[in-house]
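Here is input14.txt, consisting of compact mmCIF, C-alpha atoms:
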```
# COMPACT_ATOMS: atom_id res chain seq x y z
CA MET V 678 141.60 133.76 68.03
CA TRP V 679 139.57 134.43 71.18
CA GLN V 680 138.43 130.81 71.35
CA MET V 681 142.04 129.63 71.16
CA MET V 682 143.11 132.03 73.93
CA ASP V 683 140.15 130.93 76.06
CA LEU V 684 141.25 127.30 75.75
CA LEU V 685 144.91 128.09 76.39
CA TYR V 686 144.22 130.11 79.53
CA ALA V 687 141.03 128.45 80.73
CA HIS V 688 142.68 127.67 84.07
CA LYS V 689 143.05 131.43 84.71
CA LYS V 690 139.36 132.26 84.34
CA ASP V 691 138.30 130.94 87.75
CA MET V 692 138.86 133.18 90.76
CA VAL V 693 141.34 131.73 93.24
CA ALA V 694 139.95 131.03 96.71
CA PRO V 695 141.41 133.21 99.48
CA GLU V 696 142.94 130.17 101.19
CA ASP V 697 144.63 129.10 97.96
CA ALA V 698 146.10 132.48 97.06
CA LEU V 699 149.87 133.01 97.05
CA PRO V 700 151.22 134.07 100.45
CA GLY V 701 152.77 137.37 99.40
CA ARG V 702 154.91 139.45 101.74
CA ALA V 703 154.81 142.21 104.34
CA ASP V 704 156.12 145.03 102.13
CA TYR V 705 156.78 146.00 98.54
CA PRO V 706 159.59 143.90 97.01
CA TYR V 707 160.46 146.75 94.64
CA PRO V 708 160.94 150.54 94.88
CA LEU V 709 157.94 152.73 94.09
CA ALA V 710 157.97 155.44 91.43
CA ARG V 711 156.62 158.75 92.71
CA GLU V 712 156.37 161.39 89.96
CA HIS V 713 153.78 160.92 87.23
CA ALA V 714 155.61 160.91 83.91
CA VAL V 715 152.79 162.75 82.10
CA LEU V 716 151.05 164.93 84.68
CA GLY V 717 154.09 165.65 86.84
CA THR V 718 152.04 165.00 89.98
CA ASP V 719 152.70 162.83 93.02
CA MET V 720 151.38 159.28 92.49
CA LEU V 721 151.86 158.11 96.09
CA GLY V 722 150.55 161.10 98.05
CA PRO V 723 149.65 160.33 101.67
CA ASP V 724 150.20 156.60 101.09
CA ALA V 725 153.95 156.97 100.52
CA PRO V 726 155.81 154.71 102.94
CA GLN V 727 158.22 157.59 103.56
CA ASP V 728 157.59 161.33 103.25
CA PRO V 729 153.78 161.20 102.81
CA ARG V 730 152.37 164.27 101.06
CA PRO V 731 148.75 165.39 100.76
CA TRP V 732 146.77 165.37 97.55
CA PRO V 733 144.46 168.34 96.84
CA GLU V 734 141.96 168.90 99.62
CA ASP V 735 138.96 167.97 97.46
CA ALA V 736 140.63 164.96 95.82
CA GLU V 737 138.76 161.64 95.58
CA GLU V 738 140.02 158.14 94.83
CA LEU V 739 138.54 155.61 92.39
CA ILE V 740 139.92 152.28 91.17
CA LEU V 741 139.28 151.16 87.58
CA ALA V 742 140.10 147.81 85.98
CA GLY V 743 139.38 146.75 82.43
CA GLY V 744 142.13 144.56 81.03
CA CYS V 745 145.79 145.53 80.77
CA PHE V 746 146.38 148.46 83.11
CA TRP V 747 148.61 150.25 80.60
CA GLY V 748 145.65 151.20 78.41
CA ILE V 749 143.25 151.98 81.24
CA GLU V 750 145.78 154.32 82.82
CA ARG V 751 146.30 156.22 79.55
CA ILE V 752 142.54 156.65 79.22
CA ALA V 753 142.27 157.98 82.78
CA TRP V 754 145.10 160.50 82.80
CA GLN V 755 143.59 162.30 79.79
CA VAL V 756 140.30 163.09 81.54
CA PRO V 757 140.10 166.73 82.72
CA GLY V 758 140.06 166.95 86.50
CA VAL V 759 142.32 163.94 87.04
CA HIS V 760 145.13 164.89 89.42
CA THR V 761 147.19 161.71 89.15
CA THR V 762 147.00 158.03 88.20
CA SER V 763 149.00 154.90 88.83
CA SER V 764 148.95 151.30 87.67
CA GLY V 765 148.59 148.63 90.33
CA TYR V 766 146.71 145.66 91.70
CA ALA V 767 143.36 145.52 93.53
CA GLY V 768 140.60 143.11 94.47
CA GLY V 769 142.87 140.21 95.45
CA TYR V 770 144.17 138.41 98.51
CA THR V 771 147.97 138.22 98.22
CA PRO V 772 149.66 141.08 100.11
CA HIS V 773 152.13 143.13 98.05
CA PRO V 774 152.01 140.93 94.92
CA THR V 775 154.40 141.18 91.99
CA TYR V 776 153.37 141.46 88.35
CA GLU V 777 154.39 137.85 87.71
CA GLU V 778 152.28 136.65 90.64
CA VAL V 779 149.23 138.61 89.50
CA PHE V 780 149.69 137.29 85.95
CA SER V 781 149.53 133.73 87.30
CA ALA V 782 145.92 134.44 88.43
CA ARG V 783 146.83 133.01 91.83
CA THR V 784 146.57 136.26 93.80
CA GLY V 785 142.98 137.21 92.92
CA HIS V 786 143.99 140.71 91.86
CA ALA V 787 142.87 142.63 88.82
CA GLU V 788 145.32 144.81 86.94
CA ALA V 789 143.93 148.13 88.12
CA VAL V 790 144.44 151.88 87.95
CA ARG V 791 144.09 154.23 90.89
CA VAL V 792 142.65 157.57 89.82
CA ILE V 793 142.93 160.60 92.07
CA TYR V 794 140.64 163.33 90.77
CA THR V 795 139.07 166.65 91.69
CA GLY V 796 135.87 168.19 90.42
CA GLY V 797 133.46 165.87 92.19
CA GLU V 798 130.63 164.14 90.34
CA GLU V 799 131.25 165.90 87.03
CA THR V 800 134.78 164.49 86.76
CA LEU V 801 133.58 161.10 88.01
CA ARG V 802 130.93 160.86 85.29
CA ASP V 803 133.47 161.87 82.65
CA LEU V 804 135.82 159.15 83.92
CA LEU V 805 133.11 156.52 83.88
CA ALA V 806 131.94 157.49 80.40
CA GLU V 807 135.45 156.95 79.05
CA PHE V 808 135.85 153.75 81.05
CA TRP V 809 132.66 152.14 79.75
CA GLN V 810 133.19 152.98 76.09
CA GLN V 811 136.93 152.36 75.85
CA HIS V 812 136.88 148.66 76.81
CA ASP V 813 134.45 145.75 76.51
CA PRO V 814 132.65 145.34 79.86
CA THR V 815 130.68 142.32 78.59
CA THR V 816 133.53 139.77 78.47
CA ALA V 817 134.05 138.09 81.81
CA ASN V 818 137.69 137.68 82.88
CA ARG V 819 138.94 138.65 79.46
CA GLN V 820 139.74 141.73 77.44
CA GLY V 821 140.48 140.91 73.83
CA ASN V 822 143.30 138.36 73.72
CA ASP V 823 144.11 138.88 77.41
CA VAL V 824 142.46 136.07 79.36
CA GLY V 825 142.34 135.58 83.13
CA THR V 826 140.81 136.99 86.29
CA GLU V 827 143.57 139.60 86.37
CA TYR V 828 142.02 141.13 83.23
CA ARG V 829 138.48 141.38 84.58
CA SER V 830 136.45 144.57 84.38
CA ALA V 831 135.86 146.23 87.75
CA VAL V 832 135.10 149.54 89.43
CA TYR V 833 135.98 149.91 93.11
CA TRP V 834 134.79 153.07 94.83
CA THR V 835 135.92 154.64 98.09
CA THR V 836 132.79 156.60 99.09
CA GLU V 837 129.11 155.69 98.99
CA ALA V 838 128.38 158.80 96.91
CA GLN V 839 130.75 157.45 94.26
CA GLY V 840 129.04 154.08 94.48
CA GLU V 841 125.66 155.58 93.66
CA VAL V 842 127.07 157.28 90.56
CA VAL V 843 128.92 154.12 89.47
CA ARG V 844 125.83 151.94 89.80
CA ASP V 845 123.72 154.50 87.93
CA SER V 846 126.31 154.68 85.14
CA ALA V 847 126.24 150.89 84.76
CA VAL V 848 122.45 150.91 84.38
CA ARG V 849 122.63 153.65 81.77
CA TYR V 850 125.39 151.96 79.83
CA GLN V 851 123.57 148.62 79.87
CA GLU V 852 120.65 150.41 78.22
CA ALA V 853 123.01 151.63 75.50
CA LEU V 854 124.43 148.13 75.06
CA ASP V 855 120.94 146.65 74.85
CA ALA V 856 119.97 149.17 72.17
CA ALA V 857 123.06 148.18 70.20
CA GLY V 858 122.33 144.45 70.52
CA ARG V 859 125.35 143.82 72.71
CA GLY V 860 125.70 141.58 75.77
CA ALA V 861 125.31 142.06 79.51
CA ILE V 862 127.82 143.94 81.63
CA THR V 863 130.02 141.60 83.68
CA THR V 864 131.93 144.38 85.46
CA GLU V 865 132.54 143.83 89.17
CA LEU V 866 131.08 146.78 91.11
CA SER V 867 132.14 147.06 94.73
CA PRO V 868 133.50 149.32 97.44
CA LEU V 869 137.27 148.98 97.46
CA ALA V 870 137.10 147.97 101.13
CA GLU V 871 135.06 144.88 100.20
CA ALA V 872 137.15 143.82 97.19
CA GLY V 873 139.60 141.10 98.23
CA ASP V 874 141.75 142.42 101.05
CA GLY V 875 140.49 145.95 100.40
CA ILE V 876 143.92 147.33 99.50
CA TYR V 877 145.28 148.89 96.32
CA TYR V 878 148.94 148.00 95.68
CA THR V 879 151.05 150.22 93.40
CA ALA V 880 152.73 148.27 90.60
CA GLU V 881 156.39 148.20 89.64
CA PRO V 882 157.93 151.43 88.24
CA GLU V 883 158.21 150.03 84.72
CA HIS V 884 154.40 149.77 84.50
CA GLN V 885 153.70 153.40 85.43
CA GLN V 886 152.57 155.50 82.44
CA TYR V 887 153.91 152.71 80.24
CA LEU V 888 152.26 153.92 77.03
CA ALA V 889 153.62 157.42 77.46
CA LYS V 890 157.14 156.01 77.72
CA ASN V 891 156.48 153.43 74.98
CA PRO V 892 154.02 155.04 72.51
CA SER V 893 154.00 151.99 70.24
CA GLY V 894 153.62 149.57 73.14
CA TYR V 895 150.87 146.96 73.43
CA CYS V 896 147.36 148.30 74.01
CA ASN V 897 144.03 146.67 73.20
CA HIS V 898 141.85 149.56 74.39
CA GLY V 899 139.83 151.88 72.21
CA PHE V 900 136.26 152.83 71.36
CA ASN V 901 134.12 149.69 71.63
CA GLY V 902 131.43 150.94 69.25
CA VAL V 903 128.82 151.92 71.85
CA ALA V 904 128.87 155.57 72.95
CA CYS V 905 128.31 156.42 76.58
CA SER V 906 126.54 159.61 77.68
CA LEU V 907 126.19 160.13 81.41
```
What would the structure in this file look like if it were written as structure tokens?
Amino acid sequence: MWQMMDLLYAHKKDMVAPEDALPGRADYPYPLAREHAVLGTDMLGPDAPQDPRPWPEDAEELILAGGCFWGIERIAWQVPGVHTTSSGYAGGYTPHPTYEEVFSARTGHAEAVRVIYTGGEETLRDLLAEFWQQHDPTTANRQGNDVGTEYRSAVYWTTEAQGEVVRDSAVRYQEALDAAGRGAITTELSPLAEAGDGIYYTAEPEHQQYLAKNPSGYCNHGFNGVACSL
């Protein structure tokens, strides 16, 4: 099945060049949802285009991508210390893309999840442990039957302290993969500011907490067979 999907979507596995990306637009072409359907927290916080509100004083931001954002978001919102999450797009070049544009693989974005968390390094390590073991970080530009650069595995951090923990976690998880006879990690590791245009764009309301609203909805995430202890 994977070989067939690879052939069918082979044109989506090469990253679009910045100059060839879709032009996008100056603002969101859709309204933004604000209240998290599971946690009841504010998804937009200080980034809301109107009525910005602060997140907790010690809150930190991390962007995770590992295939369809529906499953990654559900993984993230269950980690203790997570204040809020949202599904969106990161690492690309097209300003304010739509889901259809991202799916075309012509924006350069990954389907991504913004995680706002408290608890510092302890929460971050818990997040990363779940991230590594709940998807396959060894398949480049693919997660299961989902093929294309928009489904790539990536971690984008917003502080250098986060970056150190992320890089350390990747080394540790590669050791676990090696011991299990699995492949090499292909996950993109980068500061958010250096990933594409450096901006996280919140996705359409229908994608927020999708699997909470649709419990039997599509999800290809789950334990990948290699435990992660950080």
Expected residue set, 12 Å radius at (147.9, 157.7, 94.6), all atoms listed in the file, as number ranges by chain
V: 709-713, 718-726, 729-733, 736-740, 759-765, 790-794, 877-880, 885
Keeping C-alpha atoms, export the residues of the selection given above as a PDB file, in the coordinates of the input.
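Saved the output as selection.pdb:
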```pdb
ATOM      1  CA  LEU V 709     157.940 152.730  94.090  1.00  0.00           C
ATOM      2  CA  ALA V 710     157.970 155.440  91.430  1.00  0.00           C
ATOM      3  CA  ARG V 711     156.620 158.750  92.710  1.00  0.00           C
ATOM      4  CA  GLU V 712     156.370 161.390  89.960  1.00  0.00           C
ATOM      5  CA  HIS V 713     153.780 160.920  87.230  1.00  0.00           C
ATOM      6  CA  THR V 718     152.040 165.000  89.980  1.00  0.00           C
ATOM      7  CA  ASP V 719     152.700 162.830  93.020  1.00  0.00           C
ATOM      8  CA  MET V 720     151.380 159.280  92.490  1.00  0.00           C
ATOM      9  CA  LEU V 721     151.860 158.110  96.090  1.00  0.00           C
ATOM     10  CA  GLY V 722     150.550 161.100  98.050  1.00  0.00           C
ATOM     11  CA  PRO V 723     149.650 160.330 101.670  1.00  0.00           C
ATOM     12  CA  ASP V 724     150.200 156.600 101.090  1.00  0.00           C
ATOM     13  CA  ALA V 725     153.950 156.970 100.520  1.00  0.00           C
ATOM     14  CA  PRO V 726     155.810 154.710 102.940  1.00  0.00           C
ATOM     15  CA  PRO V 729     153.780 161.200 102.810  1.00  0.00           C
ATOM     16  CA  ARG V 730     152.370 164.270 101.060  1.00  0.00           C
ATOM     17  CA  PRO V 731     148.750 165.390 100.760  1.00  0.00           C
ATOM     18  CA  TRP V 732     146.770 165.370  97.550  1.00  0.00           C
ATOM     19  CA  PRO V 733     144.460 168.340  96.840  1.00  0.00           C
ATOM     20  CA  ALA V 736     140.630 164.960  95.820  1.00  0.00           C
ATOM     21  CA  GLU V 737     138.760 161.640  95.580  1.00  0.00           C
ATOM     22  CA  GLU V 738     140.020 158.140  94.830  1.00  0.00           C
ATOM     23  CA  LEU V 739     138.540 155.610  92.390  1.00  0.00           C
ATOM     24  CA  ILE V 740     139.920 152.280  91.170  1.00  0.00           C
ATOM     25  CA  VAL V 759     142.320 163.940  87.040  1.00  0.00           C
ATOM     26  CA  HIS V 760     145.130 164.890  89.420  1.00  0.00           C
ATOM     27  CA  THR V 761     147.190 161.710  89.150  1.00  0.00           C
ATOM     28  CA  THR V 762     147.000 158.030  88.200  1.00  0.00           C
ATOM     29  CA  SER V 763     149.000 154.900  88.830  1.00  0.00           C
ATOM     30  CA  SER V 764     148.950 151.300  87.670  1.00  0.00           C
ATOM     31  CA  GLY V 765     148.590 148.630  90.330  1.00  0.00           C
ATOM     32  CA  VAL V 790     144.440 151.880  87.950  1.00  0.00           C
ATOM     33  CA  ARG V 791     144.090 154.230  90.890  1.00  0.00           C
ATOM     34  CA  VAL V 792     142.650 157.570  89.820  1.00  0.00           C
ATOM     35  CA  ILE V 793     142.930 160.600  92.070  1.00  0.00           C
ATOM     36  CA  TYR V 794     140.640 163.330  90.770  1.00  0.00           C
ATOM     37  CA  TYR V 877     145.280 148.890  96.320  1.00  0.00           C
ATOM     38  CA  TYR V 878     148.940 148.000  95.680  1.00  0.00           C
ATOM     39  CA  THR V 879     151.050 150.220  93.400  1.00  0.00           C
ATOM     40  CA  ALA V 880     152.730 148.270  90.600  1.00  0.00           C
ATOM     41  CA  GLN V 885     153.700 153.400  85.430  1.00  0.00           C
TER      42      GLN V 885
END
```
Measure the distance from CA of Phe808 (chain V) to CA of Glu788 (chain V) in Å and round it to one decimal.
14.3 Å
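Using only C-alpha atoms, the smallest distance between any of V:Asn818, V:Thr864, V:Gln810, V:Thr835 and Ile752 (chain V) comes from V:Gln810.
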Contacts of Ala698 (chain V) at 10 Å or less, counting only C-alpha atoms, minus same-chain residues fewer than 5 places along, as a ChimeraX atom specification?
/V:692-693,769-772,778,782-786
Looking at all atoms listed in the file, which of V:Glu807, V:Glu865, V:Asp813, V:Glu798 is the one that sits closest to Val832 (chain V)?
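Going through V:Glu807, V:Glu865, V:Asp813, V:Glu798 one by one, the smallest distance to Val832 (chain V) is for V:Glu865.
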Between V:Glu871, V:Thr816, V:Tyr887, V:Asp803, single out the one closest to Ser846 (chain V), counting all atoms listed in the file.
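Smallest separation from Ser846 (chain V) among the options: V:Asp803.
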Closest to Ala703 (chain V) among V:Pro774, V:Glu841, V:His812, V:Thr800, using only C-alpha atoms?
V:Pro774
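Minimum atom-to-atom distance to Ala904 (chain V), evaluated using all atoms listed in the file, belongs to V:Glu852 out of V:Ala817, V:Glu852, V:Ala787, V:Ala767.
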Would you work out the distance separating CA of Val779 (chain V) from CA of Asn901 (chain V), expressed in Å to one decimal?
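Spanning CA of Val779 (chain V) to CA of Asn901 (chain V) is a straight-line distance of 25.9 Å.
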Render region 813-856 of chain V from the structure in the preceding block as a file of C-alpha atoms, as an mmCIF file, in the first residue's frame.
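Listing of out_38.cif after writing:
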```cif
data_model
loop_
_atom_site.group_PDB
_atom_site.id
_atom_site.type_symbol
_atom_site.label_atom_id
_atom_site.label_comp_id
_atom_site.auth_asym_id
_atom_site.auth_seq_id
_atom_site.Cartn_x
_atom_site.Cartn_y
_atom_site.Cartn_z
ATOM 1 C CA ASP V 813 7.149 7.242 12.781
ATOM 2 C CA PRO V 814 9.975 9.813 12.592
ATOM 3 C CA THR V 815 11.954 7.661 10.126
ATOM 4 C CA THR V 816 9.738 8.124 7.044
ATOM 5 C CA ALA V 817 10.635 11.246 5.116
ATOM 6 C CA ASN V 818 7.673 13.317 3.890
ATOM 7 C CA ARG V 819 5.232 10.570 4.749
ATOM 8 C CA GLN V 820 3.273 9.264 7.691
ATOM 9 C CA GLY V 821 1.578 5.980 6.922
ATOM 10 C CA ASN V 822 -0.608 6.434 3.841
ATOM 11 C CA ASP V 823 -0.267 10.232 3.987
ATOM 12 C CA VAL V 824 2.411 11.251 1.496
ATOM 13 C CA GLY V 825 3.821 14.717 0.844
ATOM 14 C CA THR V 826 5.996 17.411 2.385
ATOM 15 C CA GLU V 827 2.974 18.627 4.344
ATOM 16 C CA TYR V 828 3.126 15.355 6.325
ATOM 17 C CA ARG V 829 6.800 15.588 7.249
ATOM 18 C CA SER V 830 8.030 15.150 10.801
ATOM 19 C CA ALA V 831 9.354 18.351 12.376
ATOM 20 C CA VAL V 832 9.989 20.100 15.675
ATOM 21 C CA TYR V 833 10.285 23.885 15.664
ATOM 22 C CA TRP V 834 11.356 25.514 18.909
ATOM 23 C CA THR V 835 11.067 29.127 20.034
ATOM 24 C CA THR V 836 13.928 29.346 22.556
ATOM 25 C CA GLU V 837 17.481 28.029 22.461
ATOM 26 C CA ALA V 838 16.921 26.200 25.756
ATOM 27 C CA GLN V 839 14.119 24.260 24.070
ATOM 28 C CA GLY V 840 16.399 23.562 21.128
ATOM 29 C CA GLU V 841 18.995 21.928 23.355
ATOM 30 C CA VAL V 842 16.378 19.624 24.873
ATOM 31 C CA VAL V 843 14.902 18.789 21.458
ATOM 32 C CA ARG V 844 18.278 17.905 19.963
ATOM 33 C CA ASP V 845 19.161 15.793 23.009
ATOM 34 C CA SER V 846 15.832 13.962 22.776
ATOM 35 C CA ALA V 847 16.470 13.147 19.114
ATOM 36 C CA VAL V 848 19.864 11.642 19.953
ATOM 37 C CA ARG V 849 18.359 9.542 22.726
ATOM 38 C CA TYR V 850 15.480 8.347 20.588
ATOM 39 C CA GLN V 851 17.798 7.451 17.720
ATOM 40 C CA GLU V 852 19.662 5.209 20.164
ATOM 41 C CA ALA V 853 16.364 3.490 21.003
ATOM 42 C CA LEU V 854 15.552 3.105 17.306
ATOM 43 C CA ASP V 855 18.999 1.670 16.615
ATOM 44 C CA ALA V 856 18.580 -0.862 19.413
#
```
